[in-house]
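Below: run.cif (mmCIF, C-alpha atoms)
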```cif
data_run
#
loop_
_atom_site.label_atom_id
_atom_site.label_comp_id
_atom_site.auth_asym_id
_atom_site.auth_seq_id
_atom_site.Cartn_x
_atom_site.Cartn_y
_atom_site.Cartn_z
CA MET W 1 -14.84 -15.12 -26.38
CA ALA W 2 -13.81 -16.06 -22.86
CA ALA W 3 -13.56 -13.23 -20.36
CA ILE W 4 -10.06 -12.18 -19.50
CA GLU W 5 -9.42 -12.03 -15.79
CA ARG W 6 -6.55 -10.22 -14.18
CA ALA W 7 -5.54 -10.97 -10.60
CA PHE W 8 -3.29 -9.00 -8.23
CA THR W 9 -2.24 -9.65 -4.65
CA LEU W 10 -0.63 -7.48 -1.99
CA GLN W 11 0.46 -8.89 1.36
CA VAL W 12 1.68 -6.47 4.03
CA PRO W 13 2.46 -6.53 7.77
CA SER W 14 -0.55 -5.53 9.85
CA SER W 15 0.37 -1.91 10.58
CA THR W 16 -1.58 1.27 9.89
CA GLU W 17 1.67 2.62 8.44
CA ASN W 18 0.99 0.39 5.42
CA LEU W 19 -2.44 1.87 4.65
CA ALA W 20 -0.83 4.41 2.29
CA LEU W 21 0.85 1.56 0.41
CA ILE W 22 -2.44 -0.35 0.26
CA ARG W 23 -4.18 2.72 -1.20
CA GLU W 24 -1.50 3.04 -3.87
CA PHE W 25 -2.02 -0.61 -4.80
CA VAL W 26 -5.77 -0.08 -5.09
CA THR W 27 -5.28 3.03 -7.22
CA THR W 28 -2.96 1.18 -9.59
CA VAL W 29 -5.37 -1.73 -9.96
CA GLY W 30 -8.28 0.67 -10.47
CA GLN W 31 -6.39 2.43 -13.24
CA GLN W 32 -5.67 -0.92 -14.92
CA ALA W 33 -9.39 -1.69 -14.78
CA GLY W 34 -10.10 1.60 -16.53
CA LEU W 35 -12.12 3.11 -13.70
CA THR W 36 -12.72 6.84 -13.50
CA GLU W 37 -10.89 8.91 -10.92
CA ALA W 38 -14.08 9.20 -8.85
CA GLU W 39 -14.61 5.42 -8.87
CA ILE W 40 -10.98 4.82 -7.92
CA GLY W 41 -11.46 7.21 -5.00
CA LYS W 42 -14.37 5.09 -3.80
CA ILE W 43 -12.59 1.73 -3.93
CA GLU W 44 -9.47 3.29 -2.40
CA LEU W 45 -11.50 4.42 0.61
CA ALA W 46 -13.46 1.15 0.90
CA VAL W 47 -10.33 -1.01 0.89
CA ASP W 48 -8.56 1.35 3.33
CA GLU W 49 -11.53 1.06 5.71
CA ALA W 50 -11.61 -2.73 5.47
CA CYS W 51 -7.85 -3.05 6.04
CA ALA W 52 -7.88 -0.56 8.94
CA ASN W 53 -10.59 -2.71 10.57
CA VAL W 54 -8.41 -5.79 10.20
CA ILE W 55 -5.26 -4.05 11.52
CA GLU W 56 -6.96 -2.41 14.49
CA HIS W 57 -9.67 -4.89 15.44
CA ALA W 58 -9.07 -8.37 13.96
CA TYR W 59 -5.33 -8.27 14.73
CA GLY W 60 -5.31 -5.66 17.51
CA HIS W 61 -2.24 -3.87 16.08
CA ASP W 62 -0.14 -7.07 16.10
CA GLU W 63 2.47 -6.27 13.43
CA SER W 64 3.66 -9.87 13.22
CA LYS W 65 0.38 -10.65 11.40
CA GLU W 66 -0.28 -9.99 7.75
CA VAL W 67 -3.12 -8.51 5.77
CA ILE W 68 -3.76 -9.93 2.32
CA ILE W 69 -5.48 -7.88 -0.35
CA ARG W 70 -6.54 -9.71 -3.49
CA ALA W 71 -7.87 -7.86 -6.49
CA ASN W 72 -9.59 -9.35 -9.46
CA ILE W 73 -10.62 -7.52 -12.61
CA ASP W 74 -12.99 -9.12 -15.07
CA ASP W 75 -15.12 -7.81 -17.88
CA ASP W 76 -17.75 -6.07 -15.82
CA SER W 77 -16.48 -5.78 -12.27
CA ILE W 78 -13.54 -5.30 -9.96
CA THR W 79 -13.44 -7.37 -6.78
CA PHE W 80 -11.30 -6.85 -3.67
CA GLU W 81 -10.93 -9.55 -1.05
CA ILE W 82 -9.38 -8.69 2.30
CA VAL W 83 -8.19 -11.80 4.09
CA ASP W 84 -7.02 -12.13 7.71
CA THR W 85 -6.73 -14.84 10.34
CA GLY W 86 -7.63 -12.68 13.34
CA LYS W 87 -10.72 -12.53 15.45
CA GLY W 88 -13.69 -12.08 13.22
CA PHE W 89 -16.71 -9.89 13.74
CA ASP W 90 -20.37 -10.07 12.99
CA PRO W 91 -20.91 -7.39 10.40
CA ASN W 92 -24.64 -7.53 10.94
CA LYS W 93 -24.23 -6.49 14.55
CA ILE W 94 -22.67 -3.18 13.64
CA ALA W 95 -25.18 -0.60 14.70
CA GLN W 96 -26.69 1.50 11.97
CA GLU W 97 -27.56 4.32 14.31
CA GLU W 98 -28.10 7.84 13.16
CA LEU W 99 -24.95 9.95 13.10
CA GLU W 100 -26.37 12.33 15.70
CA LYS W 101 -27.00 9.42 18.04
CA LEU W 102 -23.42 8.21 17.58
CA ILE W 103 -22.17 11.68 18.46
CA GLN W 104 -24.34 11.86 21.57
CA ASP W 105 -23.02 8.48 22.67
CA ARG W 106 -19.45 9.57 21.82
CA LYS W 107 -19.09 6.57 19.57
CA ASP W 108 -17.25 6.65 16.29
CA GLY W 109 -17.43 2.89 15.72
CA GLY W 110 -19.06 1.47 12.66
CA LEU W 111 -18.31 4.44 10.42
CA GLY W 112 -15.89 2.39 8.31
CA MET W 113 -18.34 -0.39 7.54
CA ARG W 114 -21.04 2.20 6.88
CA LEU W 115 -18.77 3.80 4.29
CA ILE W 116 -17.84 0.47 2.67
CA LYS W 117 -21.51 -0.41 2.16
CA LYS W 118 -22.20 2.96 0.55
CA LEU W 119 -19.12 2.92 -1.67
CA MET W 120 -19.25 -0.60 -3.10
CA ASP W 121 -22.00 -2.34 -5.10
CA GLU W 122 -21.82 -5.62 -3.22
CA VAL W 123 -20.27 -6.65 0.12
CA GLN W 124 -19.95 -10.26 1.27
CA TYR W 125 -18.33 -11.86 4.31
CA GLU W 126 -17.00 -15.23 5.28
CA ILE W 127 -16.04 -15.20 8.93
CA VAL W 128 -14.36 -18.10 10.72
CA PRO W 129 -12.82 -16.40 13.79
CA GLY W 130 -9.15 -17.23 14.36
CA GLN W 131 -8.97 -19.22 11.13
CA LYS W 132 -9.88 -17.14 8.16
CA ASN W 133 -11.98 -14.06 7.65
CA GLU W 134 -12.70 -12.78 4.22
CA LEU W 135 -14.43 -9.58 3.23
CA ARG W 136 -15.31 -9.43 -0.45
CA MET W 137 -16.25 -6.11 -2.03
CA ILE W 138 -17.40 -5.75 -5.61
CA LYS W 139 -17.63 -2.66 -7.79
CA ARG W 140 -19.32 -2.94 -11.17
CA ILE W 141 -17.47 -1.38 -14.05
CA ARG W 142 -19.76 0.97 -15.93
CA LYS W 143 -18.88 1.11 -19.55
CA ALA W 144 -19.37 4.31 -21.44
CA MET C 1 5.94 7.33 1.49
CA PRO C 2 3.66 9.35 -0.77
CA ASN C 3 1.43 12.07 0.62
CA PRO C 4 3.29 12.77 3.85
CA PHE C 5 1.05 14.12 6.57
CA THR C 6 1.69 17.33 8.46
CA ILE C 7 -0.46 19.19 10.93
CA SER C 8 -0.05 22.67 12.35
CA THR C 9 -2.03 24.92 14.65
CA THR C 10 -2.12 28.71 14.61
CA HIS C 11 -4.30 31.22 16.45
CA GLN C 12 -6.09 34.25 15.11
CA ASN C 13 -8.62 36.43 17.00
CA ASN C 14 -9.16 33.72 19.62
CA ILE C 15 -9.83 31.13 16.95
CA SER C 16 -7.63 28.06 16.63
CA ILE C 17 -6.81 27.11 13.06
CA ILE C 18 -5.74 23.50 12.66
CA THR C 19 -4.29 22.92 9.19
CA LEU C 20 -4.23 19.39 7.82
CA ASP C 21 -1.84 18.72 4.95
CA GLY C 22 -1.69 15.35 3.14
CA PHE C 23 -3.83 12.43 4.30
CA VAL C 24 -5.72 11.55 7.47
CA ASP C 25 -6.16 7.82 7.84
CA ALA C 26 -6.01 5.38 10.76
CA HIS C 27 -2.26 5.97 10.92
CA THR C 28 -2.26 9.77 11.09
CA ALA C 29 -5.65 10.41 12.78
CA PRO C 30 -4.13 10.17 16.31
CA GLN C 31 -2.00 13.26 15.53
CA PHE C 32 -5.15 15.13 14.52
CA GLU C 33 -6.89 13.95 17.68
CA ASN C 34 -3.98 15.19 19.81
CA ALA C 35 -4.06 18.58 18.12
CA VAL C 36 -7.77 19.07 18.89
CA GLN C 37 -7.28 17.77 22.43
CA THR C 38 -4.45 20.27 22.98
CA GLU C 39 -6.75 23.15 21.99
CA LEU C 40 -9.51 21.98 24.31
CA GLU C 41 -7.12 21.63 27.21
CA ALA C 42 -5.98 25.19 26.60
CA GLY C 43 -9.63 26.30 26.73
CA ASN C 44 -9.80 27.03 23.00
CA VAL C 45 -13.20 25.91 21.76
CA ARG C 46 -13.50 27.99 18.62
CA ILE C 47 -11.76 25.82 16.07
CA VAL C 48 -11.47 25.88 12.28
CA VAL C 49 -10.00 22.83 10.61
CA ASP C 50 -8.47 24.06 7.36
CA CYS C 51 -8.68 21.17 4.89
CA SER C 52 -7.53 22.99 1.74
CA LYS C 53 -4.37 20.89 1.62
CA LEU C 54 -6.06 17.67 2.72
CA ASN C 55 -6.24 15.19 -0.15
CA TYR C 56 -7.68 12.15 1.62
CA ILE C 57 -9.64 11.30 4.75
CA SER C 58 -10.96 7.99 6.04
CA SER C 59 -13.41 7.26 8.84
CA ALA C 60 -10.58 7.47 11.38
CA GLY C 61 -10.30 11.18 10.60
CA LEU C 62 -14.06 11.70 10.48
CA GLY C 63 -14.23 10.01 13.87
CA VAL C 64 -12.04 12.76 15.34
CA PHE C 65 -14.54 15.43 14.27
CA MET C 66 -17.36 13.35 15.73
CA SER C 67 -15.74 12.57 19.04
CA PHE C 68 -15.12 16.23 19.96
CA ILE C 69 -18.03 18.13 18.46
CA GLU C 70 -20.53 17.69 21.27
CA GLU C 71 -18.06 18.62 24.00
CA VAL C 72 -16.98 21.71 22.07
CA ARG C 73 -20.55 22.86 21.46
CA ASP C 74 -21.46 22.25 25.11
CA LEU C 75 -18.72 24.79 25.88
CA ASN C 76 -20.30 27.29 23.44
CA GLY C 77 -17.63 26.65 20.84
CA ASP C 78 -17.69 24.96 17.46
CA ILE C 79 -15.53 23.03 15.05
CA LYS C 80 -15.89 24.42 11.52
CA ILE C 81 -14.43 22.90 8.41
CA SER C 82 -12.98 24.92 5.55
CA GLY C 83 -11.58 24.44 2.08
CA LEU C 84 -12.54 20.83 1.35
CA VAL C 85 -11.45 19.60 -2.08
CA PRO C 86 -14.29 17.81 -3.94
CA LYS C 87 -12.98 14.27 -3.35
CA VAL C 88 -12.67 14.79 0.41
CA ARG C 89 -15.97 16.68 0.60
CA HIS C 90 -17.64 13.66 -0.98
CA THR C 91 -16.42 11.44 1.88
CA PHE C 92 -17.86 13.86 4.45
CA GLU C 93 -21.16 13.98 2.56
CA ILE C 94 -21.56 10.20 2.24
CA LEU C 95 -21.88 10.03 6.01
CA GLY C 96 -24.06 13.12 6.31
CA PHE C 97 -21.45 15.33 7.98
CA HIS C 98 -22.63 18.34 5.95
CA ASP C 99 -25.81 18.35 8.06
CA LEU C 100 -23.90 18.44 11.33
CA PHE C 101 -20.87 20.58 10.61
CA GLU C 102 -20.53 24.03 9.11
CA MET C 103 -18.41 23.80 6.00
CA SER C 104 -16.96 26.92 4.38
CA GLU C 105 -15.41 27.36 0.98
CA ASP C 106 -12.26 28.84 2.42
CA LEU C 107 -10.54 29.69 5.68
CA ASN C 108 -11.51 33.37 5.64
CA SER C 109 -15.22 32.54 5.36
CA ALA C 110 -14.94 30.16 8.29
CA LEU C 111 -13.14 32.78 10.39
CA ALA C 112 -15.70 35.39 9.40
CA SER C 113 -18.60 33.16 10.41
CA PHE C 114 -17.08 32.79 13.88
CA SER C 115 -16.71 36.56 14.13
CA ALA C 116 -20.29 37.09 12.96
CA ALA C 117 -21.60 34.65 15.54
CA GLN C 118 -19.58 36.41 18.24
CA SER C 119 -20.85 39.87 17.23
CA ALA C 120 -24.45 38.62 17.25
CA LYS C 121 -23.95 37.29 20.76
CA GLU C 122 -22.38 40.53 21.98
CA GLY C 123 -24.89 42.71 20.16
#
```
As structure tokens:
Amino acid sequence: MAAIERAFTLQVPSSTENLALIREFVTTVGQQAGLTEAEIGKIELAVDEACANVIEHAYGHDESKEVIIRANIDDDSITFEIVDTGKGFDPNKIAQEELEKLIQDRKDGGLGMRLIKKLMDEVQYEIVPGQKNELRMIKRIRKA
Amino acid sequence: MPNPFTISTTHQNNISIITLDGFVDAHTAPQFENAVQTELEAGNVRIVVDCSKLNYISSAGLGVFMSFIEEVRDLNGDIKISGLVPKVRHTFEILGFHDLFEMSEDLNSALASFSAAQSAKEG
């Protein structure tokens, strides 16, 4: 039997005010996928972090831009793609310093990406600065 | 919007209690940052952040804790965290905050631990 895929898209102006709306969208999709409350909490945080990065860094708080969140549920995983056309970044250049070192240097950067990598099973990027940046995050659905 | 965010600060025995209610994300974290900054400017370096009504935090909120902790400790103060619900505690723990911050079950324990530290210093 062919796998049934379900796709959802949310497109919102690039403002941190919309992060609450984005989290609601993620929660609803997670519930449709049959995830546990704990798993929904993880994808909610991961998508929030990714979108906050886009709003604050890729678009520099330019509310005329839009953030696109695509969700895809299939048999064994749920995938979120965050798409923007702002300035991209090199995810590999984000320092993975110890927390204590970050505190000493008064830096709080990189915490979001650190969280995303810990929360999701797979993280992929496609970065073409100014044209299209795509962050793809996958969470496997564990069946009881 | 769901989960409106409110923040309030009270003072008890020279300890500032900052109460977070709702969610702290990139949108609301600046209000939290301002509240901590206000305490520091007033010379208040013994701070408890009461999180018993906090139902969500993202790295923007965690960043506020991180950006002030060293300055506060240099001034012989501390930022203690109380009342985390399990979901929010998990976010703190993923990043290892439990090793760097004192976390108490409830507000009274956090206040008591400040008082105990003060008595030890005076004694």
>> To test your reading of the syntax: which residues would the PyMOL selection byres ((chain C) within 9 of (chain W)) return for the file shown? Reply as a ChimeraX atom specification.
In response: /C:1-3,23,25-28,56-60,62-64,66-70,87,91,94-97,100
> Neighbours of Glu134 of chain W within 6 Å (all atoms listed in the file; same-chain residues fewer than 3 positions away dropped), as a list in words?
Replying inline: Ile82, Val83, Tyr125 and Glu126 of chain W
Print the selection's residues with C-alpha atoms to a file, as a short mmCIF file (atom, residue, chain, number, x, y, z; two decimals), in the frame of the given file.
```cif
data_model
loop_
_atom_site.label_atom_id
_atom_site.label_comp_id
_atom_site.auth_asym_id
_atom_site.auth_seq_id
_atom_site.Cartn_x
_atom_site.Cartn_y
_atom_site.Cartn_z
CA ILE W 82 -9.38 -8.69 2.30
CA VAL W 83 -8.19 -11.80 4.09
CA TYR W 125 -18.33 -11.86 4.31
CA GLU W 126 -17.00 -15.23 5.28
#
```
>> Taking the file as I've supplied it (selection: the PyMOL selection byres ((chain W and resi 70) around 9)), which residues are included? Please answer as a ChimeraX atom specification.
In response: /W:7-11,68-69,71-72,79-83
> Which residues match the PyMOL selection byres ((chain C and resi 44) around 10) in the file above, as a VMD selection string?
Replying inline: chain C and resid 11 14 to 16 36 to 43 45 to 47 72 75 77 to 78
Store the residues picked out above in a file with C-alpha atoms, as a compact mmCIF listing (two decimals), in the frame of the given file.
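Contents of result26.txt, as written:
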```
# COMPACT_ATOMS: atom_id res chain seq x y z
CA HIS C 11 -4.30 31.22 16.45
CA ASN C 14 -9.16 33.72 19.62
CA ILE C 15 -9.83 31.13 16.95
CA SER C 16 -7.63 28.06 16.63
CA VAL C 36 -7.77 19.07 18.89
CA GLN C 37 -7.28 17.77 22.43
CA THR C 38 -4.45 20.27 22.98
CA GLU C 39 -6.75 23.15 21.99
CA LEU C 40 -9.51 21.98 24.31
CA GLU C 41 -7.12 21.63 27.21
CA ALA C 42 -5.98 25.19 26.60
CA GLY C 43 -9.63 26.30 26.73
CA VAL C 45 -13.20 25.91 21.76
CA ARG C 46 -13.50 27.99 18.62
CA ILE C 47 -11.76 25.82 16.07
CA VAL C 72 -16.98 21.71 22.07
CA LEU C 75 -18.72 24.79 25.88
CA GLY C 77 -17.63 26.65 20.84
CA ASP C 78 -17.69 24.96 17.46
```
>> What does the structure give for the distance between atom CA of Arg140 of chain W and atom CA of Asp76 of chain W, in Å to one decimal?
In response: 5.8 Å
>> Could you list, as a PyMOL selection string, every residue within 7 Å of Ser14 of chain W, counting only C-alpha atoms and ignoring same-chain residues fewer than 2 positions away?
In response: chain W and resi 12+16+55+61-67
Where is the centre and how long are the edges: axis-aligned box on segment 122-125 of chain W, 8 Å on each side, Å to one decimal, as AutoDock Vina command-line options:
```
--center_x -20.1 --center_y -8.7 --center_z 0.5 --size_x 19.5 --size_y 22.2 --size_z 23.5
```
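Taking atom CA of Asp50 of chain C and atom CA of Asp21 of chain C as the two end points, the separation is 8.8 Å.
The spacing separating atom CA of Val26 of chain W from atom CA of Met137 of chain W amounts to 12.5 Å.
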> So which residues touch Val128 of chain W within 9 Å, counting all atoms listed in the file, skipping near sequence neighbours fewer than 3 positions away, as a PyMOL selection string?
Replying inline: chain W and resi 85+87-88+131-134
>> Applying 10 Å and all atoms listed in the file, which residues near Glu39 of chain W remain after dropping the ones on its own chain fewer than 4 positions away? List them as a PyMOL selection string.
In response: chain W and resi 27+30-31+34-35+43-44+119-120+139-142
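Shortest atom-to-atom contact with Ile138 of chain W among W:Phe89, W:Asp84, W:Ile78, W:Pro13: W:Ile78, counting all atoms listed in the file.
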Take the point (-5.9, 25.6, 11.2) in the file's coordinates, draw a sphere of radius 10 Å around it, and report as a compact mmCIF listing (two decimals) with C-alpha atoms, in the frame of the given file every protein, DNA or RNA residue with an atom inside or on it, counting all atoms listed in the file.
```txt
# COMPACT_ATOMS: atom_id res chain seq x y z
CA ILE C 7 -0.46 19.19 10.93
CA SER C 8 -0.05 22.67 12.35
CA THR C 9 -2.03 24.92 14.65
CA THR C 10 -2.12 28.71 14.61
CA HIS C 11 -4.30 31.22 16.45
CA GLN C 12 -6.09 34.25 15.11
CA ILE C 15 -9.83 31.13 16.95
CA SER C 16 -7.63 28.06 16.63
CA ILE C 17 -6.81 27.11 13.06
CA ILE C 18 -5.74 23.50 12.66
CA THR C 19 -4.29 22.92 9.19
CA LEU C 20 -4.23 19.39 7.82
CA ILE C 47 -11.76 25.82 16.07
CA VAL C 48 -11.47 25.88 12.28
CA VAL C 49 -10.00 22.83 10.61
CA ASP C 50 -8.47 24.06 7.36
CA CYS C 51 -8.68 21.17 4.89
CA SER C 52 -7.53 22.99 1.74
CA ILE C 81 -14.43 22.90 8.41
CA SER C 82 -12.98 24.92 5.55
CA LEU C 107 -10.54 29.69 5.68
```
> When distances are computed from all atoms listed in the file, which of C:Phe5, C:Phe32, C:Phe101, C:Phe92 shows the smallest separation from Arg73 of chain C?
Replying inline: C:Phe101
> Which one is closest to Glu102 of chain C: C:Pro86, C:Gln31, C:Lys80, C:Pro4? Count only C-alpha atoms.
Replying inline: C:Lys80
Repaired coordinates for segment 84-116 of chain C (N, CA and C atoms) as a PDB file, in the coordinates of the input:
```pdb
ATOM      1  N   LEU C  84     -12.581  22.228   1.795  1.00  0.00           N
ATOM      2  CA  LEU C  84     -12.540  20.830   1.350  1.00  0.00           C
ATOM      3  C   LEU C  84     -12.424  20.714  -0.170  1.00  0.00           C
ATOM      4  N   VAL C  85     -11.501  19.879  -0.644  1.00  0.00           N
ATOM      5  CA  VAL C  85     -11.450  19.600  -2.080  1.00  0.00           C
ATOM      6  C   VAL C  85     -12.588  18.618  -2.386  1.00  0.00           C
ATOM      7  N   PRO C  86     -13.082  18.592  -3.635  1.00  0.00           N
ATOM      8  CA  PRO C  86     -14.290  17.810  -3.940  1.00  0.00           C
ATOM      9  C   PRO C  86     -14.225  16.340  -3.484  1.00  0.00           C
ATOM     10  N   LYS C  87     -13.088  15.690  -3.696  1.00  0.00           N
ATOM     11  CA  LYS C  87     -12.980  14.270  -3.350  1.00  0.00           C
ATOM     12  C   LYS C  87     -13.187  14.061  -1.837  1.00  0.00           C
ATOM     13  N   VAL C  88     -12.567  14.925  -1.046  1.00  0.00           N
ATOM     14  CA  VAL C  88     -12.670  14.790   0.410  1.00  0.00           C
ATOM     15  C   VAL C  88     -14.064  15.200   0.882  1.00  0.00           C
ATOM     16  N   ARG C  89     -14.612  16.247   0.255  1.00  0.00           N
ATOM     17  CA  ARG C  89     -15.970  16.680   0.600  1.00  0.00           C
ATOM     18  C   ARG C  89     -16.964  15.540   0.390  1.00  0.00           C
ATOM     19  N   HIS C  90     -16.753  14.785  -0.678  1.00  0.00           N
ATOM     20  CA  HIS C  90     -17.640  13.660  -0.980  1.00  0.00           C
ATOM     21  C   HIS C  90     -17.661  12.663   0.188  1.00  0.00           C
ATOM     22  N   THR C  91     -16.493  12.384   0.759  1.00  0.00           N
ATOM     23  CA  THR C  91     -16.420  11.440   1.880  1.00  0.00           C
ATOM     24  C   THR C  91     -17.223  11.970   3.075  1.00  0.00           C
ATOM     25  N   PHE C  92     -17.088  13.260   3.359  1.00  0.00           N
ATOM     26  CA  PHE C  92     -17.860  13.860   4.450  1.00  0.00           C
ATOM     27  C   PHE C  92     -19.361  13.726   4.175  1.00  0.00           C
ATOM     28  N   GLU C  93     -19.729  13.956   2.899  1.00  0.00           N
ATOM     29  CA  GLU C  93     -21.160  13.980   2.560  1.00  0.00           C
ATOM     30  C   GLU C  93     -21.789  12.599   2.589  1.00  0.00           C
ATOM     31  N   ILE C  94     -21.009  11.564   2.232  1.00  0.00           N
ATOM     32  CA  ILE C  94     -21.560  10.200   2.240  1.00  0.00           C
ATOM     33  C   ILE C  94     -22.138   9.881   3.617  1.00  0.00           C
ATOM     34  N   LEU C  95     -21.444  10.342   4.644  1.00  0.00           N
ATOM     35  CA  LEU C  95     -21.880  10.030   6.010  1.00  0.00           C
ATOM     36  C   LEU C  95     -22.777  11.100   6.616  1.00  0.00           C
ATOM     37  N   GLY C  96     -23.112  12.105   5.824  1.00  0.00           N
ATOM     38  CA  GLY C  96     -24.060  13.120   6.310  1.00  0.00           C
ATOM     39  C   GLY C  96     -23.430  14.186   7.193  1.00  0.00           C
ATOM     40  N   PHE C  97     -22.121  14.343   7.127  1.00  0.00           N
ATOM     41  CA  PHE C  97     -21.450  15.330   7.980  1.00  0.00           C
ATOM     42  C   PHE C  97     -21.849  16.765   7.620  1.00  0.00           C
ATOM     43  N   HIS C  98     -22.275  16.972   6.368  1.00  0.00           N
ATOM     44  CA  HIS C  98     -22.630  18.340   5.950  1.00  0.00           C
ATOM     45  C   HIS C  98     -23.862  18.844   6.700  1.00  0.00           C
ATOM     46  N   ASP C  99     -24.648  17.915   7.281  1.00  0.00           N
ATOM     47  CA  ASP C  99     -25.810  18.350   8.060  1.00  0.00           C
ATOM     48  C   ASP C  99     -25.404  18.743   9.482  1.00  0.00           C
ATOM     49  N   LEU C 100     -24.283  18.259   9.921  1.00  0.00           N
ATOM     50  CA  LEU C 100     -23.900  18.440  11.330  1.00  0.00           C
ATOM     51  C   LEU C 100     -22.772  19.438  11.533  1.00  0.00           C
ATOM     52  N   PHE C 101     -22.005  19.667  10.489  1.00  0.00           N
ATOM     53  CA  PHE C 101     -20.870  20.580  10.610  1.00  0.00           C
ATOM     54  C   PHE C 101     -21.011  21.724   9.613  1.00  0.00           C
ATOM     55  N   GLU C 102     -20.545  22.899  10.030  1.00  0.00           N
ATOM     56  CA  GLU C 102     -20.530  24.030   9.110  1.00  0.00           C
ATOM     57  C   GLU C 102     -19.295  23.913   8.228  1.00  0.00           C
ATOM     58  N   MET C 103     -19.522  23.914   6.934  1.00  0.00           N
ATOM     59  CA  MET C 103     -18.410  23.800   6.000  1.00  0.00           C
ATOM     60  C   MET C 103     -18.332  25.065   5.164  1.00  0.00           C
ATOM     61  N   SER C 104     -17.151  25.688   5.143  1.00  0.00           N
ATOM     62  CA  SER C 104     -16.960  26.920   4.380  1.00  0.00           C
ATOM     63  C   SER C 104     -16.043  26.672   3.199  1.00  0.00           C
ATOM     64  N   GLU C 105     -16.240  27.503   2.177  1.00  0.00           N
ATOM     65  CA  GLU C 105     -15.410  27.360   0.980  1.00  0.00           C
ATOM     66  C   GLU C 105     -13.932  27.560   1.283  1.00  0.00           C
ATOM     67  N   ASP C 106     -13.659  28.562   2.124  1.00  0.00           N
ATOM     68  CA  ASP C 106     -12.260  28.840   2.420  1.00  0.00           C
ATOM     69  C   ASP C 106     -12.106  29.277   3.877  1.00  0.00           C
ATOM     70  N   LEU C 107     -10.855  29.383   4.286  1.00  0.00           N
ATOM     71  CA  LEU C 107     -10.540  29.690   5.680  1.00  0.00           C
ATOM     72  C   LEU C 107     -11.131  31.028   6.113  1.00  0.00           C
ATOM     73  N   ASN C 108     -11.017  32.047   5.256  1.00  0.00           N
ATOM     74  CA  ASN C 108     -11.510  33.370   5.640  1.00  0.00           C
ATOM     75  C   ASN C 108     -13.007  33.371   5.921  1.00  0.00           C
ATOM     76  N   SER C 109     -13.766  32.614   5.117  1.00  0.00           N
ATOM     77  CA  SER C 109     -15.220  32.540   5.360  1.00  0.00           C
ATOM     78  C   SER C 109     -15.497  31.884   6.700  1.00  0.00           C
ATOM     79  N   ALA C 110     -14.725  30.853   7.019  1.00  0.00           N
ATOM     80  CA  ALA C 110     -14.940  30.160   8.290  1.00  0.00           C
ATOM     81  C   ALA C 110     -14.619  31.091   9.455  1.00  0.00           C
ATOM     82  N   LEU C 111     -13.521  31.839   9.338  1.00  0.00           N
ATOM     83  CA  LEU C 111     -13.140  32.780  10.390  1.00  0.00           C
ATOM     84  C   LEU C 111     -14.201  33.868  10.528  1.00  0.00           C
ATOM     85  N   ALA C 112     -14.684  34.330   9.379  1.00  0.00           N
ATOM     86  CA  ALA C 112     -15.700  35.390   9.400  1.00  0.00           C
ATOM     87  C   ALA C 112     -16.983  34.908  10.052  1.00  0.00           C
ATOM     88  N   SER C 113     -17.339  33.652   9.834  1.00  0.00           N
ATOM     89  CA  SER C 113     -18.600  33.160  10.410  1.00  0.00           C
ATOM     90  C   SER C 113     -18.478  33.047  11.926  1.00  0.00           C
ATOM     91  N   PHE C 114     -17.281  32.771  12.424  1.00  0.00           N
ATOM     92  CA  PHE C 114     -17.080  32.790  13.880  1.00  0.00           C
ATOM     93  C   PHE C 114     -17.245  34.211  14.406  1.00  0.00           C
ATOM     94  N   SER C 115     -16.647  35.162  13.696  1.00  0.00           N
ATOM     95  CA  SER C 115     -16.710  36.560  14.130  1.00  0.00           C
ATOM     96  C   SER C 115     -18.147  37.055  14.107  1.00  0.00           C
ATOM     97  N   ALA C 116     -18.897  36.668  13.063  1.00  0.00           N
ATOM     98  CA  ALA C 116     -20.290  37.090  12.960  1.00  0.00           C
ATOM     99  C   ALA C 116     -21.108  36.536  14.109  1.00  0.00           C
TER     100      ALA C 116
END
```
